[in-house]
>>> print(open('protein-v1.txt').read())   # compact mmCIF, C-alpha atoms
# COMPACT_ATOMS: atom_id res chain seq x y z
CA PHE Q 1 79.67 106.98 81.22
CA VAL Q 2 79.37 103.32 82.19
CA VAL Q 3 75.96 103.00 83.81
CA GLY Q 4 74.14 100.14 85.49
CA VAL Q 5 70.73 99.27 84.05
CA ASP Q 6 69.42 96.81 86.63
CA ASN Q 7 65.60 96.81 86.88
CA VAL Q 8 65.32 99.40 84.07
CA THR Q 9 62.64 98.39 81.59
CA SER Q 10 62.94 98.90 77.84
CA ASN Q 11 60.11 101.45 77.93
CA GLN Q 12 61.85 103.42 80.70
CA LEU Q 13 65.12 103.32 78.77
CA HIS Q 14 63.29 104.70 75.74
CA GLU Q 15 61.94 107.59 77.83
CA ILE Q 16 65.41 108.31 79.21
CA ARG Q 17 66.79 108.41 75.67
CA LYS Q 18 64.10 110.92 74.69
CA SER Q 19 64.78 113.17 77.68
CA MET Q 20 68.52 113.25 76.96
CA ARG Q 21 68.26 113.65 73.21
CA GLY Q 22 70.71 116.28 72.00
CA ASP Q 23 72.82 115.99 75.15
CA ALA Q 24 73.83 112.35 75.17
CA VAL Q 25 73.50 109.06 73.28
CA ILE Q 26 72.74 105.87 75.20
CA TYR Q 27 73.85 102.50 73.87
CA CYS Q 28 72.61 99.36 75.59
CA GLY Q 29 73.69 96.06 74.11
CA LYS Q 30 75.30 92.76 74.99
CA ASN Q 31 78.55 93.06 76.89
CA THR Q 32 80.30 90.68 74.49
CA GLN Q 33 79.35 92.91 71.57
CA MET Q 34 80.45 96.11 73.31
CA ARG Q 35 83.75 94.55 74.34
CA ARG Q 36 84.37 93.27 70.81
CA VAL Q 37 83.87 96.74 69.31
CA ILE Q 38 86.06 98.39 71.94
CA ARG Q 39 88.78 95.75 71.40
CA GLU Q 40 88.88 96.64 67.71
CA LEU Q 41 89.21 100.34 68.56
CA GLU Q 42 92.09 99.56 70.91
CA GLU Q 43 94.39 99.07 67.92
CA ASP Q 44 94.48 102.84 67.46
CA ARG Q 45 93.59 103.83 71.02
CA PRO Q 46 95.11 101.33 73.49
CA GLU Q 47 93.85 103.38 76.45
CA LEU Q 48 90.34 102.08 75.70
CA GLU Q 49 91.32 98.83 77.39
CA LYS Q 50 90.35 100.48 80.68
CA LEU Q 51 86.85 101.09 79.36
CA ARG Q 52 86.50 97.52 78.06
CA ALA Q 53 87.37 96.19 81.52
CA CYS Q 54 84.35 98.09 82.95
CA CYS Q 55 81.85 96.38 80.64
CA LYS Q 56 80.71 93.78 83.14
CA LEU Q 57 77.31 92.72 84.45
CA ASN Q 58 74.23 94.65 83.30
CA VAL Q 59 75.62 97.94 81.95
CA ALA Q 60 75.13 100.46 79.16
CA LEU Q 61 77.29 103.24 77.71
CA VAL Q 62 76.33 106.92 77.64
CA PHE Q 63 78.27 109.08 75.17
CA THR Q 64 78.38 112.86 75.51
CA ASN Q 65 80.48 115.89 74.67
CA GLY Q 66 78.81 117.94 77.39
CA SER Q 67 79.77 118.66 80.97
CA ALA Q 68 80.29 115.40 82.86
CA ALA Q 69 78.73 116.82 86.04
CA VAL Q 70 75.61 118.09 84.21
CA ILE Q 71 75.05 114.84 82.34
CA ARG Q 72 75.59 112.81 85.53
CA ASP Q 73 72.85 114.84 87.22
CA LYS Q 74 70.49 114.28 84.29
CA ILE Q 75 71.14 110.56 84.44
CA GLN Q 76 70.29 110.50 88.14
CA GLU Q 77 67.11 112.53 87.63
CA ASN Q 78 65.62 110.00 85.20
CA LYS Q 79 64.21 107.56 87.71
CA MET Q 80 60.83 105.86 87.78
CA ASP Q 81 58.86 104.76 90.83
CA ALA Q 82 58.45 101.00 91.10
CA PRO Q 83 56.68 98.60 93.46
CA ALA Q 84 58.63 96.63 96.04
CA LYS Q 85 59.88 93.31 94.72
CA ALA Q 86 60.29 90.15 96.75
CA GLY Q 87 63.97 89.34 97.17
CA ALA Q 88 65.13 92.84 96.16
CA MET Q 89 67.26 94.95 98.48
CA ASN Q 90 65.23 97.64 100.19
CA GLN Q 91 66.31 101.06 98.92
CA VAL Q 92 64.63 102.99 101.73
CA ASP Q 93 62.87 102.52 105.04
CA VAL Q 94 59.14 102.11 104.49
CA ILE Q 95 56.70 103.02 107.25
CA ILE Q 96 52.99 102.41 106.78
CA PRO Q 97 51.14 105.24 108.55
CA LYS Q 98 48.26 104.48 110.86
CA GLY Q 99 44.78 105.26 109.63
CA MET Q 100 42.14 104.09 107.19
CA THR Q 101 43.13 102.00 104.18
CA THR Q 102 41.32 100.74 101.08
CA LEU Q 103 41.93 97.13 102.11
CA GLU Q 104 38.90 94.87 102.37
CA PRO Q 105 38.00 93.16 105.68
CA THR Q 106 39.20 89.83 104.27
CA MET Q 107 42.79 91.14 104.54
CA THR Q 108 42.71 91.14 108.35
CA THR Q 109 44.30 87.70 108.62
CA PHE Q 110 47.02 88.76 106.18
CA LEU Q 111 47.88 91.77 108.34
CA GLN Q 112 47.91 89.65 111.49
CA ALA Q 113 50.51 87.38 109.88
CA LEU Q 114 52.71 90.46 109.46
CA ASN Q 115 52.11 91.47 113.11
CA ILE Q 116 50.26 94.62 112.04
CA SER Q 117 47.52 95.73 114.44
CA SER Q 118 44.28 96.61 112.68
CA LYS Q 119 40.52 96.76 113.01
CA ILE Q 120 37.56 96.98 110.69
CA THR Q 121 35.99 100.44 110.49
CA LYS Q 122 33.09 101.24 108.19
CA GLY Q 123 33.75 98.28 105.93
CA ASN Q 124 37.48 98.93 105.55
CA ILE Q 125 40.59 98.04 107.49
CA GLU Q 126 42.11 100.65 109.76
CA ILE Q 127 45.76 100.27 110.79
CA LEU Q 128 46.11 101.22 114.44
CA ASN Q 129 49.81 102.12 114.64
CA ASP Q 130 52.60 103.28 112.35
CA GLU Q 131 54.31 100.13 111.10
CA HIS Q 132 57.98 99.99 110.06
CA LEU Q 133 57.49 97.46 107.28
CA LEU Q 134 60.78 97.61 105.32
CA VAL Q 135 64.26 98.35 106.62
CA LYS Q 136 66.77 99.92 104.26
CA GLY Q 137 69.52 97.50 103.20
CA GLU Q 138 67.55 94.35 104.03
CA LYS Q 139 65.81 92.05 101.56
CA CYS Q 140 62.12 92.55 100.92
CA ASP Q 141 60.01 89.48 101.66
CA ALA Q 142 57.07 88.36 99.52
CA SER Q 143 54.40 89.23 102.11
CA SER Q 144 55.61 92.81 102.56
CA ALA Q 145 55.85 93.29 98.80
CA ALA Q 146 52.29 91.98 98.35
CA LEU Q 147 50.93 94.30 101.07
CA LEU Q 148 52.58 97.38 99.56
CA GLN Q 149 51.15 96.53 96.15
CA LYS Q 150 47.66 96.19 97.63
CA LEU Q 151 48.10 99.56 99.33
CA GLY Q 152 49.21 101.09 96.03
CA MET Q 153 52.58 102.12 97.44
CA MET Q 154 55.66 102.19 95.19
CA PRO Q 155 58.58 102.87 97.53
CA PHE Q 156 61.37 101.90 95.14
CA SER Q 157 62.74 103.86 92.19
CA TYR Q 158 64.94 102.59 89.41
CA GLY Q 159 67.01 104.28 86.76
CA LEU Q 160 70.47 104.40 85.26
CA VAL Q 161 73.21 104.29 87.90
CA THR Q 162 76.55 105.87 87.04
CA LYS Q 163 79.36 103.44 87.85
CA PHE Q 164 82.38 104.79 86.00
CA ILE Q 165 83.33 107.77 83.86
CA TYR Q 166 85.83 107.53 81.02
CA GLN Q 167 87.46 110.79 79.95
CA ASN Q 168 90.74 111.55 78.17
CA GLY Q 169 92.02 108.01 78.64
CA ALA Q 170 91.26 107.87 82.38
CA ILE Q 171 88.61 105.97 84.36
CA PHE Q 172 87.31 107.53 87.57
CA GLU Q 173 84.45 107.16 90.03
CA PRO Q 174 81.42 109.49 89.73
CA ALA Q 175 82.08 110.79 93.25
CA VAL Q 176 84.98 112.79 91.78
CA LEU Q 177 82.41 115.09 90.16
CA ASP Q 178 81.19 116.14 93.60
CA ILE Q 179 84.56 117.65 94.53
CA THR Q 180 84.25 121.45 94.60
CA ASP Q 181 86.87 124.10 93.82
CA ALA Q 182 86.79 125.13 97.47
CA GLN Q 183 87.74 121.58 98.55
CA ILE Q 184 90.63 121.47 96.08
CA ILE Q 185 91.94 124.86 97.24
CA ALA Q 186 91.63 123.82 100.90
CA THR Q 187 93.64 120.65 100.20
CA PHE Q 188 96.40 122.65 98.49
CA GLN Q 189 96.47 125.16 101.35
CA ALA Q 190 96.83 122.36 103.90
CA GLY Q 191 99.69 120.86 101.89
CA ILE Q 192 101.44 124.23 101.61
CA LYS Q 193 101.19 124.76 105.38
CA ASN Q 194 102.68 121.31 106.03
CA ILE Q 195 105.58 121.96 103.64
CA ALA Q 196 106.23 125.33 105.27
CA CYS Q 197 106.33 123.76 108.75
CA VAL Q 198 108.74 121.01 107.69
CA SER Q 199 110.98 123.53 105.87
CA LEU Q 200 111.17 125.80 108.94
CA MET Q 201 111.98 122.90 111.25
CA LEU Q 202 114.77 121.67 108.93
CA ASN Q 203 116.06 125.18 108.21
CA GLN Q 204 115.66 124.37 104.53
CA PRO Q 205 114.32 127.37 102.58
CA THR Q 206 111.54 126.71 100.10
CA VAL Q 207 109.21 128.94 98.11
CA VAL Q 208 106.44 128.54 100.68
CA SER Q 209 108.64 128.88 103.77
CA VAL Q 210 110.60 132.05 102.76
CA PRO Q 211 107.76 134.46 103.70
CA TYR Q 212 107.53 132.86 107.15
CA SER Q 213 111.33 132.99 107.53
CA ILE Q 214 111.33 136.71 106.72
CA LEU Q 215 108.52 137.34 109.21
CA LEU Q 216 110.32 135.31 111.88
CA ALA Q 217 113.60 137.16 111.26
CA PHE Q 218 111.79 140.50 111.40
CA SER Q 219 110.17 139.51 114.69
CA ASN Q 220 113.57 138.54 116.14
CA LEU Q 221 115.15 141.82 114.98
CA LEU Q 222 112.24 143.75 116.43
CA ALA Q 223 112.65 141.93 119.75
CA VAL Q 224 116.39 142.65 119.85
CA ALA Q 225 115.83 146.33 118.99
CA ASP Q 226 113.16 146.58 121.67
CA ARG Q 227 115.53 145.11 124.31
CA LYS Q 228 118.35 147.52 123.37
CA SER Q 229 115.94 150.44 123.52
CA THR Q 230 114.81 149.34 126.97
CA ARG Q 231 118.42 149.07 128.23
CA LEU Q 232 119.33 152.52 126.87
CA ASN Q 233 116.31 154.08 128.53
CA SER Q 234 117.12 152.43 131.84
CA SER Q 235 120.79 153.59 131.73
CA HIS Q 236 119.67 157.19 131.25
>>> encode(input="protein-v1.txt", output="structure tokens")
Amino acid sequence: FVVGVDNVTSNQLHEIRKSMRGDAVIYCGKNTQMRRVIRELEEDRPELEKLRACCKLNVALVFTNGSAAVIRDKIQENKMDAPAKAGAMNQVDVIIPKGMTTLEPTMTTFLQALNISSKITKGNIEILNDEHLLVKGEKCDASSAALLQKLGMMPFSYGLVTKFIYQNGAIFEPAVLDITDAQIIATFQAGIKNIACVSLMLNQPTVVSVPYSILLAFSNLLAVADRKSTRLNSSH
């Protein structure tokens, strides 16, 4: 696997290595070093050039002999909650629920600057309405990040992100692992039906169209026999 390691700390990476011990080995180093090693291996295995081309930006390599789908799921499970960071892309929508908070009364002005309605109740700040603070896909500003930290909220989560999978000399996207047997069979069935239709229209027999041709011929013979039977009965 080629995985992205953006915002993954060294301690978190150590914990991920521990959780996947026996199933996979994670190597995280400089891209230049990884590319140099892969380039040397290309002398005997030229197909590794595809893997070397994927070693860009902040990535690591995960080696395994296990099921690609199972290991991909384990990689995705190893995530750690993190506070919102100013300038980072919001991963999710964040709504601050109305109600009492642990914020001190001195934070009232700060909330007003964010257009958040509040009042002081029993020595603490009470937020009067649900506030949609962060919108997914937009950048988090410094004020919103600071407020979430003061509220003790950690809406983001970071971990290894699978970008590419190298297997048997081929590079493919991780989404391929989500394709089920039922989807593959349905695709083949749709293709077979299309071939059968084209073959029947062109009067060109194929393996998939012969059964339909036999059924169609049988239906025609049955129709002719039925008409003759009707005529004989009427003549009597």
>>> residues_around(input="protein-v1.txt", residues="Leu13 of chain Q", least_positions_apart="6", cutoff="12 Å", atoms="all atoms listed in the file", output="list in words")
Val3, Gly4, Val5, Asp6, Asn7, Ser19, Met20, Val25, Ile26, Tyr27, Cys28, Ala60, Val62, Ile75, Asn78, Lys79, Met80, Tyr158, Gly159 and Leu160 of chain Q
>>> closest_residue(input="protein-v1.txt", among="Q:Met34, Q:Val161, Q:Ala88, Q:Val8", to="Gln76 of chain Q", atoms="only C-alpha atoms")
Q:Val161
>>> residues_around(input="protein-v1.txt", residues="Glu49 of chain Q", least_positions_apart="3", cutoff="10 Å", atoms="all atoms listed in the file", output="JSON, numbers by chain")
{"Q": [35, 38, 39, 41, 42, 43, 45, 46, 52, 53, 54, 169]}
>>> atom_distance(input="protein-v1.txt", atom1="atom CA of Ala86 of chain Q", atom2="atom CA of Ser143 of chain Q")
8.0 Å
>>> closest_residue(input="protein-v1.txt", among="Q:Met154, Q:Val224, Q:Ile185, Q:Leu61", to="Val2 of chain Q", atoms="only C-alpha atoms")
Q:Leu61
>>> residues_near_point(input="protein-v1.txt", point="(85.9, 109.2, 90.2)", cutoff="12 Å", atoms="all atoms listed in the file", output="list in words")
Phe1, Val2, Ala68, Ala69, Arg72, Thr162, Lys163, Phe164, Ile165, Tyr166, Gln167, Ala170, Ile171, Phe172, Glu173, Pro174, Ala175, Val176, Leu177, Asp178 and Ile179 of chain Q
>>> write_last_selection(input="protein-v1.txt", atoms="C-alpha atoms", output="CSV table (one decimal), in the frame of the given file")
chain,number,residue,atom,x,y,z
Q,1,PHE,CA,79.7,107.0,81.2
Q,2,VAL,CA,79.4,103.3,82.2
Q,68,ALA,CA,80.3,115.4,82.9
Q,69,ALA,CA,78.7,116.8,86.0
Q,72,ARG,CA,75.6,112.8,85.5
Q,162,THR,CA,76.6,105.9,87.0
Q,163,LYS,CA,79.4,103.4,87.8
Q,164,PHE,CA,82.4,104.8,86.0
Q,165,ILE,CA,83.3,107.8,83.9
Q,166,TYR,CA,85.8,107.5,81.0
Q,167,GLN,CA,87.5,110.8,80.0
Q,170,ALA,CA,91.3,107.9,82.4
Q,171,ILE,CA,88.6,106.0,84.4
Q,172,PHE,CA,87.3,107.5,87.6
Q,173,GLU,CA,84.4,107.2,90.0
Q,174,PRO,CA,81.4,109.5,89.7
Q,175,ALA,CA,82.1,110.8,93.2
Q,176,VAL,CA,85.0,112.8,91.8
Q,177,LEU,CA,82.4,115.1,90.2
Q,178,ASP,CA,81.2,116.1,93.6
Q,179,ILE,CA,84.6,117.6,94.5
>>> atom_distance(input="protein-v1.txt", atom1="atom CA of Lys139 of chain Q", atom2="atom CA of Met89 of chain Q")
4.5 Å
